[in-house]
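With compact mmCIF, C-alpha atoms inside, this is input.txt:
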```txt
# COMPACT_ATOMS: atom_id res chain seq x y z
CA ALA A 230 -139.45 -5.20 -168.87
CA GLY A 231 -137.95 -2.87 -166.26
CA GLY A 232 -139.88 -3.93 -163.18
CA ALA A 233 -138.40 -5.34 -159.99
CA TYR A 234 -139.16 -8.95 -159.12
CA VAL A 235 -139.95 -10.53 -155.75
CA PRO A 236 -139.45 -14.32 -155.45
CA VAL A 237 -142.15 -16.11 -153.45
CA ASP A 238 -142.09 -19.83 -152.72
CA PRO A 239 -145.57 -21.40 -153.00
CA GLU A 240 -144.60 -23.65 -150.09
CA TYR A 241 -144.32 -20.68 -147.73
CA PRO A 242 -147.05 -20.48 -145.10
CA GLN A 243 -150.06 -18.59 -146.44
CA GLU A 244 -149.54 -15.91 -143.79
CA ARG A 245 -146.03 -15.17 -145.07
CA ILE A 246 -147.18 -15.05 -148.70
CA ASN A 247 -149.96 -12.64 -147.75
CA TYR A 248 -147.50 -10.44 -145.87
CA MET A 249 -145.01 -10.28 -148.75
CA LEU A 250 -147.61 -9.45 -151.38
CA SER A 251 -149.12 -6.79 -149.14
CA ASP A 252 -145.77 -5.33 -148.10
CA THR A 253 -144.55 -5.01 -151.71
CA GLY A 254 -147.85 -3.77 -153.07
CA ALA A 255 -147.46 -6.28 -155.90
CA VAL A 256 -149.66 -5.59 -158.93
CA LEU A 257 -148.67 -8.62 -161.00
CA VAL A 258 -147.95 -12.22 -160.01
CA VAL A 259 -146.55 -14.96 -162.25
CA ILE A 260 -147.78 -18.31 -160.99
CA SER A 261 -148.71 -21.85 -162.04
CA GLU A 262 -152.30 -23.04 -162.25
CA ARG A 263 -151.91 -25.48 -159.35
CA ASN A 264 -150.92 -22.61 -157.04
CA ARG A 265 -153.51 -20.14 -158.22
CA SER A 266 -155.64 -20.72 -155.13
CA LEU A 267 -152.96 -19.04 -153.01
CA LEU A 268 -154.14 -15.71 -154.41
CA GLU A 269 -157.88 -16.20 -154.20
CA HIS A 270 -158.27 -13.64 -151.40
CA PHE A 271 -156.35 -10.89 -153.21
CA THR A 272 -157.97 -8.23 -155.36
CA GLY A 273 -156.26 -5.77 -157.66
CA ILE A 274 -153.48 -8.19 -158.61
CA ARG A 275 -153.08 -9.28 -162.22
CA ILE A 276 -152.30 -12.99 -162.42
CA ILE A 277 -150.24 -14.48 -165.24
CA SER A 278 -150.29 -18.28 -165.35
CA VAL A 279 -147.15 -19.82 -166.84
CA ASP A 280 -149.04 -22.91 -167.92
CA GLY A 281 -152.56 -21.52 -168.31
CA ASP A 282 -151.90 -18.44 -170.42
CA ARG A 283 -149.69 -19.88 -173.14
CA GLU A 284 -152.12 -18.79 -175.85
CA ILE A 285 -151.74 -15.19 -174.68
CA PHE A 286 -147.94 -15.51 -174.64
CA SER A 287 -147.92 -16.74 -178.22
CA GLN A 288 -149.56 -13.50 -179.39
CA GLU A 289 -146.88 -11.25 -177.87
CA SER A 290 -144.12 -9.68 -179.96
CA PRO A 291 -140.79 -11.56 -179.95
CA GLU A 292 -138.88 -8.27 -180.13
CA SER A 293 -136.74 -7.17 -177.18
CA VAL A 294 -138.46 -4.80 -174.76
CA ARG A 295 -136.93 -1.33 -174.74
CA THR A 296 -136.47 0.24 -171.31
CA ASP A 297 -134.65 3.20 -169.77
CA LEU A 298 -133.14 1.11 -166.98
CA GLY A 299 -130.10 2.50 -165.21
CA PRO A 300 -127.74 1.30 -162.44
CA GLY A 301 -129.88 2.87 -159.72
CA HIS A 302 -133.13 1.17 -160.72
CA LEU A 303 -134.48 -1.59 -158.52
CA CYS A 304 -133.65 -5.14 -159.66
CA TYR A 305 -135.27 -7.33 -157.02
CA VAL A 306 -136.61 -7.50 -153.48
CA ILE A 307 -135.58 -10.55 -151.46
CA TYR A 308 -137.01 -11.17 -148.01
CA THR A 309 -134.76 -12.31 -145.21
CA SER A 310 -135.68 -15.31 -143.08
CA GLY A 311 -137.33 -13.14 -140.45
CA SER A 312 -135.47 -14.88 -137.63
CA THR A 313 -135.73 -11.73 -135.52
CA GLY A 314 -139.36 -10.88 -136.35
CA GLN A 315 -141.29 -10.19 -139.55
CA PRO A 316 -139.25 -10.86 -142.72
CA LYS A 317 -137.55 -7.78 -144.17
CA GLY A 318 -137.58 -6.98 -147.88
CA VAL A 319 -134.10 -6.00 -149.08
CA LEU A 320 -134.09 -3.58 -152.04
CA VAL A 321 -131.25 -4.51 -154.43
CA GLU A 322 -130.41 -2.33 -157.42
CA HIS A 323 -129.07 -3.28 -160.86
CA ARG A 324 -125.75 -1.61 -160.00
CA GLY A 325 -124.87 -4.24 -157.41
CA VAL A 326 -125.88 -7.22 -159.52
CA VAL A 327 -124.00 -6.09 -162.64
CA ASN A 328 -120.90 -5.27 -160.59
CA LEU A 329 -120.82 -8.70 -158.96
CA ILE A 330 -121.42 -10.62 -162.18
CA CYS A 331 -118.67 -8.71 -163.99
CA ASP A 332 -116.30 -9.52 -161.13
CA ARG A 333 -117.20 -13.22 -161.10
CA LYS A 334 -116.81 -13.52 -164.87
CA GLN A 335 -113.36 -11.96 -164.69
CA VAL A 336 -112.04 -13.81 -161.63
CA LEU A 337 -113.38 -17.21 -162.71
CA LYS A 338 -112.30 -16.60 -166.31
CA MET A 339 -115.68 -17.80 -167.53
CA THR A 340 -116.17 -18.84 -171.15
CA THR A 341 -118.87 -20.37 -173.30
CA ASN A 342 -117.40 -23.77 -172.40
CA ASP A 343 -118.40 -23.46 -168.74
CA ARG A 344 -121.44 -25.16 -167.28
CA VAL A 345 -122.93 -23.73 -164.07
CA LEU A 346 -125.18 -25.76 -161.80
CA LEU A 347 -128.19 -23.72 -160.66
CA PHE A 348 -128.14 -25.17 -157.17
CA SER A 349 -129.87 -22.51 -155.07
CA ASN A 350 -133.61 -22.06 -154.67
CA TYR A 351 -134.87 -19.00 -156.55
CA THR A 352 -135.98 -17.34 -153.31
CA PHE A 353 -132.36 -17.03 -152.11
CA ASP A 354 -129.96 -14.48 -153.55
CA PRO A 355 -127.18 -16.95 -154.55
CA PHE A 356 -129.66 -17.96 -157.25
CA VAL A 357 -129.13 -14.52 -158.83
CA GLU A 358 -125.36 -14.97 -158.94
CA GLN A 359 -125.52 -18.49 -160.36
CA LEU A 360 -128.15 -17.56 -162.95
CA PHE A 361 -126.63 -14.40 -164.37
CA MET A 362 -122.95 -15.32 -164.27
CA ALA A 363 -123.87 -18.18 -166.61
CA LEU A 364 -126.28 -16.33 -168.90
CA LEU A 365 -124.14 -13.17 -169.16
CA SER A 366 -121.01 -15.09 -170.10
CA GLY A 367 -122.61 -17.43 -172.62
CA ALA A 368 -122.01 -20.45 -170.38
CA GLY A 369 -124.40 -23.35 -170.01
CA LEU A 370 -126.88 -23.26 -167.12
CA VAL A 371 -128.01 -26.63 -165.72
CA LEU A 372 -131.32 -26.60 -163.84
CA ILE A 373 -132.27 -29.32 -161.38
CA PRO A 374 -135.57 -30.20 -159.65
CA LYS A 375 -135.95 -29.79 -155.91
CA GLU A 376 -135.65 -33.53 -155.29
CA ILE A 377 -132.11 -33.50 -156.68
CA GLN A 378 -131.24 -30.37 -154.70
CA LEU A 379 -131.90 -32.36 -151.54
CA ASP A 380 -130.24 -35.61 -152.63
CA GLY A 381 -126.44 -35.56 -152.59
CA TYR A 382 -126.07 -38.82 -154.52
CA SER A 383 -128.37 -37.69 -157.34
CA LEU A 384 -126.74 -34.28 -157.46
CA MET A 385 -123.28 -35.79 -157.90
CA GLU A 386 -124.64 -37.86 -160.78
CA VAL A 387 -125.79 -34.62 -162.43
CA VAL A 388 -122.40 -32.97 -161.81
CA GLU A 389 -120.65 -35.84 -163.57
CA LYS A 390 -123.16 -36.41 -166.37
CA GLU A 391 -123.61 -32.73 -167.24
CA LYS A 392 -119.86 -31.99 -166.91
CA ILE A 393 -120.45 -29.14 -164.45
CA THR A 394 -117.49 -26.74 -164.26
CA ILE A 395 -118.76 -24.39 -161.50
CA LEU A 396 -120.55 -25.58 -158.36
CA ASP A 397 -121.74 -23.14 -155.68
CA ALA A 398 -123.28 -24.55 -152.48
CA THR A 399 -123.25 -24.28 -148.69
CA PRO A 400 -120.39 -25.86 -146.70
CA SER A 401 -122.79 -28.14 -144.84
CA PHE A 402 -124.13 -29.51 -148.13
CA LEU A 403 -120.64 -29.95 -149.58
CA THR A 404 -119.68 -31.90 -146.45
CA GLY A 405 -122.29 -34.53 -147.21
CA LEU A 406 -121.44 -34.93 -150.90
CA MET A 407 -119.42 -38.00 -151.86
CA GLN A 408 -117.70 -38.50 -155.20
CA ASN A 409 -116.91 -41.83 -156.86
CA SER A 410 -114.03 -40.57 -158.99
CA GLU A 411 -112.10 -37.40 -159.82
CA LEU A 412 -114.36 -34.69 -161.25
CA LYS A 413 -112.16 -33.72 -164.15
CA HIS A 414 -114.53 -31.12 -165.58
CA LEU A 415 -115.16 -29.28 -162.27
CA ARG A 416 -112.96 -26.15 -162.30
CA TYR A 417 -114.40 -24.15 -159.40
CA MET A 418 -116.18 -25.00 -156.17
CA ILE A 419 -117.59 -22.08 -154.18
CA ALA A 420 -118.75 -22.44 -150.58
CA GLY A 421 -120.96 -19.74 -149.06
CA GLY A 422 -123.84 -18.97 -146.72
CA GLU A 423 -122.14 -20.16 -143.51
CA ARG A 424 -118.69 -20.69 -142.00
CA CYS A 425 -116.57 -23.05 -144.05
CA GLY A 426 -114.37 -25.56 -142.26
CA THR A 427 -110.86 -25.97 -143.65
CA SER A 428 -111.35 -29.75 -143.77
CA ILE A 429 -114.02 -29.33 -146.46
CA ALA A 430 -111.64 -27.47 -148.75
CA GLN A 431 -108.85 -29.94 -148.02
CA ARG A 432 -110.94 -32.97 -148.98
CA TRP A 433 -112.27 -31.56 -152.23
CA SER A 434 -108.88 -30.17 -153.27
CA GLU A 435 -107.03 -33.42 -152.53
CA ASP A 436 -109.58 -35.50 -154.44
CA ASN A 437 -109.59 -33.08 -157.38
CA PRO A 438 -106.09 -31.62 -157.98
CA GLU A 439 -107.23 -29.27 -160.75
CA LEU A 440 -110.06 -27.79 -158.65
CA SER A 441 -109.96 -24.22 -157.30
CA PHE A 442 -111.86 -23.97 -153.99
CA TYR A 443 -113.29 -20.61 -152.88
CA ASN A 444 -114.95 -19.50 -149.65
CA ALA A 445 -117.41 -16.63 -150.19
CA TYR A 446 -119.09 -14.26 -147.74
CA GLY A 447 -121.77 -11.63 -148.11
CA PRO A 448 -125.12 -10.53 -146.67
CA THR A 449 -128.25 -10.15 -148.77
CA GLU A 450 -128.04 -6.41 -148.04
CA CYS A 451 -124.82 -6.16 -150.07
CA THR A 452 -125.76 -8.13 -153.19
CA ILE A 453 -124.88 -11.72 -152.43
CA THR A 454 -121.06 -11.87 -152.35
CA THR A 455 -118.76 -9.21 -150.91
CA THR A 456 -115.56 -11.11 -150.09
CA VAL A 457 -113.92 -14.24 -151.51
CA TYR A 458 -111.01 -16.40 -150.32
CA GLN A 459 -109.15 -18.89 -152.51
CA TYR A 460 -107.91 -21.94 -150.61
CA LYS A 461 -104.29 -23.03 -151.19
CA GLN A 462 -103.29 -26.56 -150.15
CA HIS A 463 -99.77 -25.58 -149.11
CA LYS A 464 -100.95 -22.79 -146.79
CA LYS A 465 -101.56 -23.59 -143.12
CA GLU A 466 -105.10 -22.67 -142.08
CA GLY A 467 -107.07 -22.65 -138.84
CA GLU A 468 -110.26 -24.61 -138.17
CA TYR A 469 -112.23 -22.34 -140.51
CA LEU A 470 -111.21 -20.62 -143.74
CA PRO A 471 -110.93 -16.81 -143.81
CA ILE A 472 -113.63 -15.01 -145.77
CA GLY A 473 -111.00 -13.35 -147.93
CA LYS A 474 -110.77 -9.98 -149.62
CA PRO A 475 -113.42 -7.69 -151.14
CA VAL A 476 -114.67 -8.31 -154.67
CA GLY A 477 -114.26 -5.52 -157.23
CA ASN A 478 -115.64 -2.07 -156.34
CA VAL A 479 -116.52 -3.16 -152.79
CA GLN A 480 -114.83 -1.84 -149.64
CA ILE A 481 -114.64 -3.51 -146.24
CA TYR A 482 -114.02 -1.71 -142.94
CA ILE A 483 -113.54 -3.24 -139.50
CA LEU A 484 -114.91 -0.66 -137.08
CA ASP A 485 -115.29 -0.25 -133.32
CA ASN A 486 -118.56 0.80 -131.67
CA ARG A 487 -117.70 4.48 -132.28
CA GLY A 488 -117.21 3.97 -136.01
CA SER A 489 -113.43 4.20 -135.97
CA VAL A 490 -111.21 1.98 -138.12
CA LEU A 491 -109.45 -0.79 -136.18
CA PRO A 492 -105.91 -2.01 -136.88
CA VAL A 493 -104.90 -5.44 -138.15
CA GLY A 494 -105.71 -8.22 -135.71
CA VAL A 495 -108.29 -6.33 -133.62
CA PRO A 496 -111.89 -7.66 -133.85
CA GLY A 497 -114.68 -5.27 -134.75
CA GLU A 498 -117.87 -5.00 -136.78
CA ILE A 499 -117.61 -5.80 -140.48
CA CYS A 500 -119.00 -2.83 -142.40
CA ILE A 501 -119.40 -2.89 -146.18
CA GLY A 502 -119.32 -0.06 -148.71
CA GLY A 503 -119.22 0.29 -152.47
CA ALA A 504 -121.23 -0.84 -155.46
CA GLY A 505 -122.97 -3.77 -153.79
CA VAL A 506 -124.73 -1.93 -150.96
CA ALA A 507 -128.51 -2.23 -151.30
CA ARG A 508 -130.96 0.66 -151.24
CA GLY A 509 -132.30 -0.41 -147.86
CA TYR A 510 -135.31 -2.23 -146.42
CA LEU A 511 -138.75 -1.90 -147.98
CA ASN A 512 -141.11 0.11 -145.76
CA ARG A 513 -138.59 0.01 -142.88
CA ASP A 514 -137.19 3.54 -142.85
CA GLU A 515 -136.02 3.49 -139.24
CA LEU A 516 -134.24 0.15 -139.61
CA THR A 517 -132.70 1.32 -142.89
CA ARG A 518 -131.25 4.41 -141.17
CA GLU A 519 -129.93 2.22 -138.37
CA ARG A 520 -128.16 -0.34 -140.57
CA PHE A 521 -127.28 1.75 -143.66
CA VAL A 522 -125.16 4.69 -142.49
CA ASP A 523 -123.19 7.43 -144.23
CA ASP A 524 -119.89 6.30 -145.70
CA HIS A 525 -117.36 8.79 -144.32
CA PHE A 526 -114.44 6.82 -145.75
CA GLY A 527 -115.37 6.70 -149.42
CA GLU A 528 -114.74 9.31 -152.10
CA VAL A 529 -118.24 9.21 -153.65
CA ALA A 530 -120.74 11.58 -152.05
CA GLY A 531 -123.98 10.00 -150.86
CA ARG A 532 -122.63 6.45 -150.62
CA ARG A 533 -123.47 4.42 -147.52
CA LEU A 534 -122.01 1.64 -145.40
CA TYR A 535 -123.96 -1.41 -144.34
CA LYS A 536 -123.39 -2.46 -140.72
CA THR A 537 -123.53 -6.25 -140.91
CA GLY A 538 -123.62 -7.08 -137.21
CA ASP A 539 -120.86 -9.61 -137.95
CA VAL A 540 -117.55 -9.54 -136.11
CA GLY A 541 -114.28 -10.01 -137.97
CA ARG A 542 -110.67 -8.90 -138.05
CA TRP A 543 -108.01 -8.18 -140.64
CA LEU A 544 -105.27 -10.79 -140.93
CA PRO A 545 -101.64 -9.77 -141.67
CA ASP A 546 -101.94 -11.07 -145.26
CA GLY A 547 -104.86 -8.75 -146.08
CA ASN A 548 -107.62 -11.34 -145.70
CA ILE A 549 -110.49 -11.12 -143.23
CA GLU A 550 -111.30 -13.67 -140.55
CA PHE A 551 -114.96 -14.08 -139.65
CA ILE A 552 -115.43 -14.46 -135.89
CA GLY A 553 -119.17 -14.44 -135.22
CA ARG A 554 -122.20 -12.27 -134.61
CA ILE A 555 -122.33 -9.22 -132.35
CA ASP A 556 -125.70 -10.35 -131.01
CA ASP A 557 -124.71 -14.05 -130.94
CA GLN A 558 -127.58 -14.85 -133.29
CA VAL A 559 -127.62 -18.56 -134.14
CA LYS A 560 -129.02 -20.05 -137.36
CA ILE A 561 -130.99 -23.25 -136.85
CA ARG A 562 -131.04 -25.54 -139.89
```

Since I need it in another form, could you write the structure as structure tokens?
Amino acid sequence: AGGAYVPVDPEYPQERINYMLSDTGAVLVVISERNRSLLEHFTGIRIISVDGDREIFSQESPESVRTDLGPGHLCYVIYTSGSTGQPKGVLVEHRGVVNLICDRKQVLKMTTNDRVLLFSNYTFDPFVEQLFMALLSGAGLVLIPKEIQLDGYSLMEVVEKEKITILDATPSFLTGLMQNSELKHLRYMIAGGERCGTSIAQRWSEDNPELSFYNAYGPTECTITTTVYQYKQHKKEGEYLPIGKPVGNVQIYILDNRGSVLPVGVPGEICIGGAGVARGYLNRDELTRERFVDDHFGEVAGRRLYKTGDVGRWLPDGNIEFIGRIDDQVKIR
């Protein structure tokens, strides 16, 4: 319909839900009847119940909604974990999403015969990639309940039964998955969200000779995935896989603390430019100016770079090695 969406998990603490709805100034919330009580203290918000308003839905026109949407319109707002304070709403435009999905469709050579497992929770941005790369290529999309998301044994049963061809999950989750036999239908496995140990790629590739294993990297502020690395069994790797090379229409710079480009092999801050860079943070102008800076390297006027706070370095073969965080921030899972 042209509006931007904000995913909210009903299992969030009430305080966080209140903050997100207030921060976004939401005027419409789609919710189930059993969670309706979460909004009882809000006024001025129109509530649409997915299971309570079916009679109203049935009276709506089945025709496609006409909009004047363009690349620069807002697609969604996803809030970060808030590990360094209040959660921040990241403003992602249609430009970044369409660019990434077109790249994934091309690189993965997706067809109507593919079947993508919708593994990620809808409040995390990998959900967007998994959802739209299936729907916009005519592939099958396999949804699973939360219980299966958390149960490796049940999930592997789904992968086999549903003949999944593309599986995207975190390295830590992939580590715990065990397969009973070769997954002949699985064409691509994508690891992302944290550092990926080489041993994970080795195991899955050895057990499934036809499988292509990818390691993906990207912050929420740059539309999900910004670099990808394809693992090759014959190539000698270190303890962790590199994060690879930029996806289409995305540029990566390794910069020192003065903003100068560093040569191959020298660690510096990973800065990202191009089509995937988000608009900024909702209602956080100062932080937006701090993290989203002018792109002095690009050819398009007005484009910006996102300073990730991650440290990396270029490798001689053109891939990037992820080293860590500038502020030594640690994720606790």

Expected answer as a ChimeraX atom specification: all residues with atoms within 8 Å of (-122.4, 5.2, -143.4), all atoms listed in the file = /A:521-525,532-535

Is there a way to get, as a PDB file with C-alpha atoms, in the frame of the given file, all residues within 12 Å of the point (-131.9, -2.5, -151.0) in file coordinates, counting all atoms listed in the file?
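Listing of selection.pdb after writing:
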```pdb
ATOM      1  CA  ALA A 233    -138.400  -5.340-159.990  1.00  0.00           C
ATOM      2  CA  GLY A 301    -129.880   2.870-159.720  1.00  0.00           C
ATOM      3  CA  HIS A 302    -133.130   1.170-160.720  1.00  0.00           C
ATOM      4  CA  LEU A 303    -134.480  -1.590-158.520  1.00  0.00           C
ATOM      5  CA  CYS A 304    -133.650  -5.140-159.660  1.00  0.00           C
ATOM      6  CA  TYR A 305    -135.270  -7.330-157.020  1.00  0.00           C
ATOM      7  CA  VAL A 306    -136.610  -7.500-153.480  1.00  0.00           C
ATOM      8  CA  ILE A 307    -135.580 -10.550-151.460  1.00  0.00           C
ATOM      9  CA  TYR A 308    -137.010 -11.170-148.010  1.00  0.00           C
ATOM     10  CA  THR A 309    -134.760 -12.310-145.210  1.00  0.00           C
ATOM     11  CA  LYS A 317    -137.550  -7.780-144.170  1.00  0.00           C
ATOM     12  CA  GLY A 318    -137.580  -6.980-147.880  1.00  0.00           C
ATOM     13  CA  VAL A 319    -134.100  -6.000-149.080  1.00  0.00           C
ATOM     14  CA  LEU A 320    -134.090  -3.580-152.040  1.00  0.00           C
ATOM     15  CA  VAL A 321    -131.250  -4.510-154.430  1.00  0.00           C
ATOM     16  CA  GLU A 322    -130.410  -2.330-157.420  1.00  0.00           C
ATOM     17  CA  HIS A 323    -129.070  -3.280-160.860  1.00  0.00           C
ATOM     18  CA  ARG A 324    -125.750  -1.610-160.000  1.00  0.00           C
ATOM     19  CA  GLY A 325    -124.870  -4.240-157.410  1.00  0.00           C
ATOM     20  CA  VAL A 326    -125.880  -7.220-159.520  1.00  0.00           C
ATOM     21  CA  PRO A 448    -125.120 -10.530-146.670  1.00  0.00           C
ATOM     22  CA  THR A 449    -128.250 -10.150-148.770  1.00  0.00           C
ATOM     23  CA  GLU A 450    -128.040  -6.410-148.040  1.00  0.00           C
ATOM     24  CA  CYS A 451    -124.820  -6.160-150.070  1.00  0.00           C
ATOM     25  CA  THR A 452    -125.760  -8.130-153.190  1.00  0.00           C
ATOM     26  CA  ILE A 453    -124.880 -11.720-152.430  1.00  0.00           C
ATOM     27  CA  ALA A 504    -121.230  -0.840-155.460  1.00  0.00           C
ATOM     28  CA  GLY A 505    -122.970  -3.770-153.790  1.00  0.00           C
ATOM     29  CA  VAL A 506    -124.730  -1.930-150.960  1.00  0.00           C
ATOM     30  CA  ALA A 507    -128.510  -2.230-151.300  1.00  0.00           C
ATOM     31  CA  ARG A 508    -130.960   0.660-151.240  1.00  0.00           C
ATOM     32  CA  GLY A 509    -132.300  -0.410-147.860  1.00  0.00           C
ATOM     33  CA  TYR A 510    -135.310  -2.230-146.420  1.00  0.00           C
ATOM     34  CA  LEU A 511    -138.750  -1.900-147.980  1.00  0.00           C
ATOM     35  CA  ASN A 512    -141.110   0.110-145.760  1.00  0.00           C
ATOM     36  CA  ARG A 513    -138.590   0.010-142.880  1.00  0.00           C
ATOM     37  CA  ASP A 514    -137.190   3.540-142.850  1.00  0.00           C
ATOM     38  CA  LEU A 516    -134.240   0.150-139.610  1.00  0.00           C
ATOM     39  CA  THR A 517    -132.700   1.320-142.890  1.00  0.00           C
ATOM     40  CA  ARG A 520    -128.160  -0.340-140.570  1.00  0.00           C
ATOM     41  CA  PHE A 521    -127.280   1.750-143.660  1.00  0.00           C
ATOM     42  CA  ARG A 533    -123.470   4.420-147.520  1.00  0.00           C
ATOM     43  CA  TYR A 535    -123.960  -1.410-144.340  1.00  0.00           C
TER      44      TYR A 535
END
```

query = Quick one: of A:Met407, A:Leu250, A:Ile552, A:Leu347, who's nearest to Glu468 of chain A, counting only C-alpha atoms?
reply =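 Answer, going by the shortest atom-to-atom distance: A:Ile552.
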
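Interatomic distance, atom CA of Ser278 of chain A against atom CA of Pro239 of chain A: 13.6 Å.
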
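Using only C-alpha atoms for every distance, the candidate list A:His414, A:Arg542, A:Arg344, A:Lys338 yields A:Arg542 as the residue closest to Val493 of chain A.
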
task = Could you tell me which of A:Gly273, A:Leu337, A:Val457, A:Tyr417 comes closest to Ser441 of chain A if we count all atoms listed in the file?
result =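 That would be A:Tyr417, the residue with the smallest distance to Ser441 of chain A.
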
task = Provide the atom CA of Val294 of chain A to atom CA of Ser261 of chain A distance in Å, to one decimal place.
result = 23.6 Å

ask   = Nearest to Glu244 of chain A: which of A:Leu329, A:Leu268, A:Leu257, A:Ile499 is it, counting only C-alpha atoms?
value =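 The shortest atom-to-atom distance to Glu244 of chain A comes from A:Leu268.
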
task = May I ask which of the residues A:Val235, A:Leu384, A:Ile481, A:Cys500 is the closest one to Ala255 of chain A, counting only C-alpha atoms?
result = A:Val235
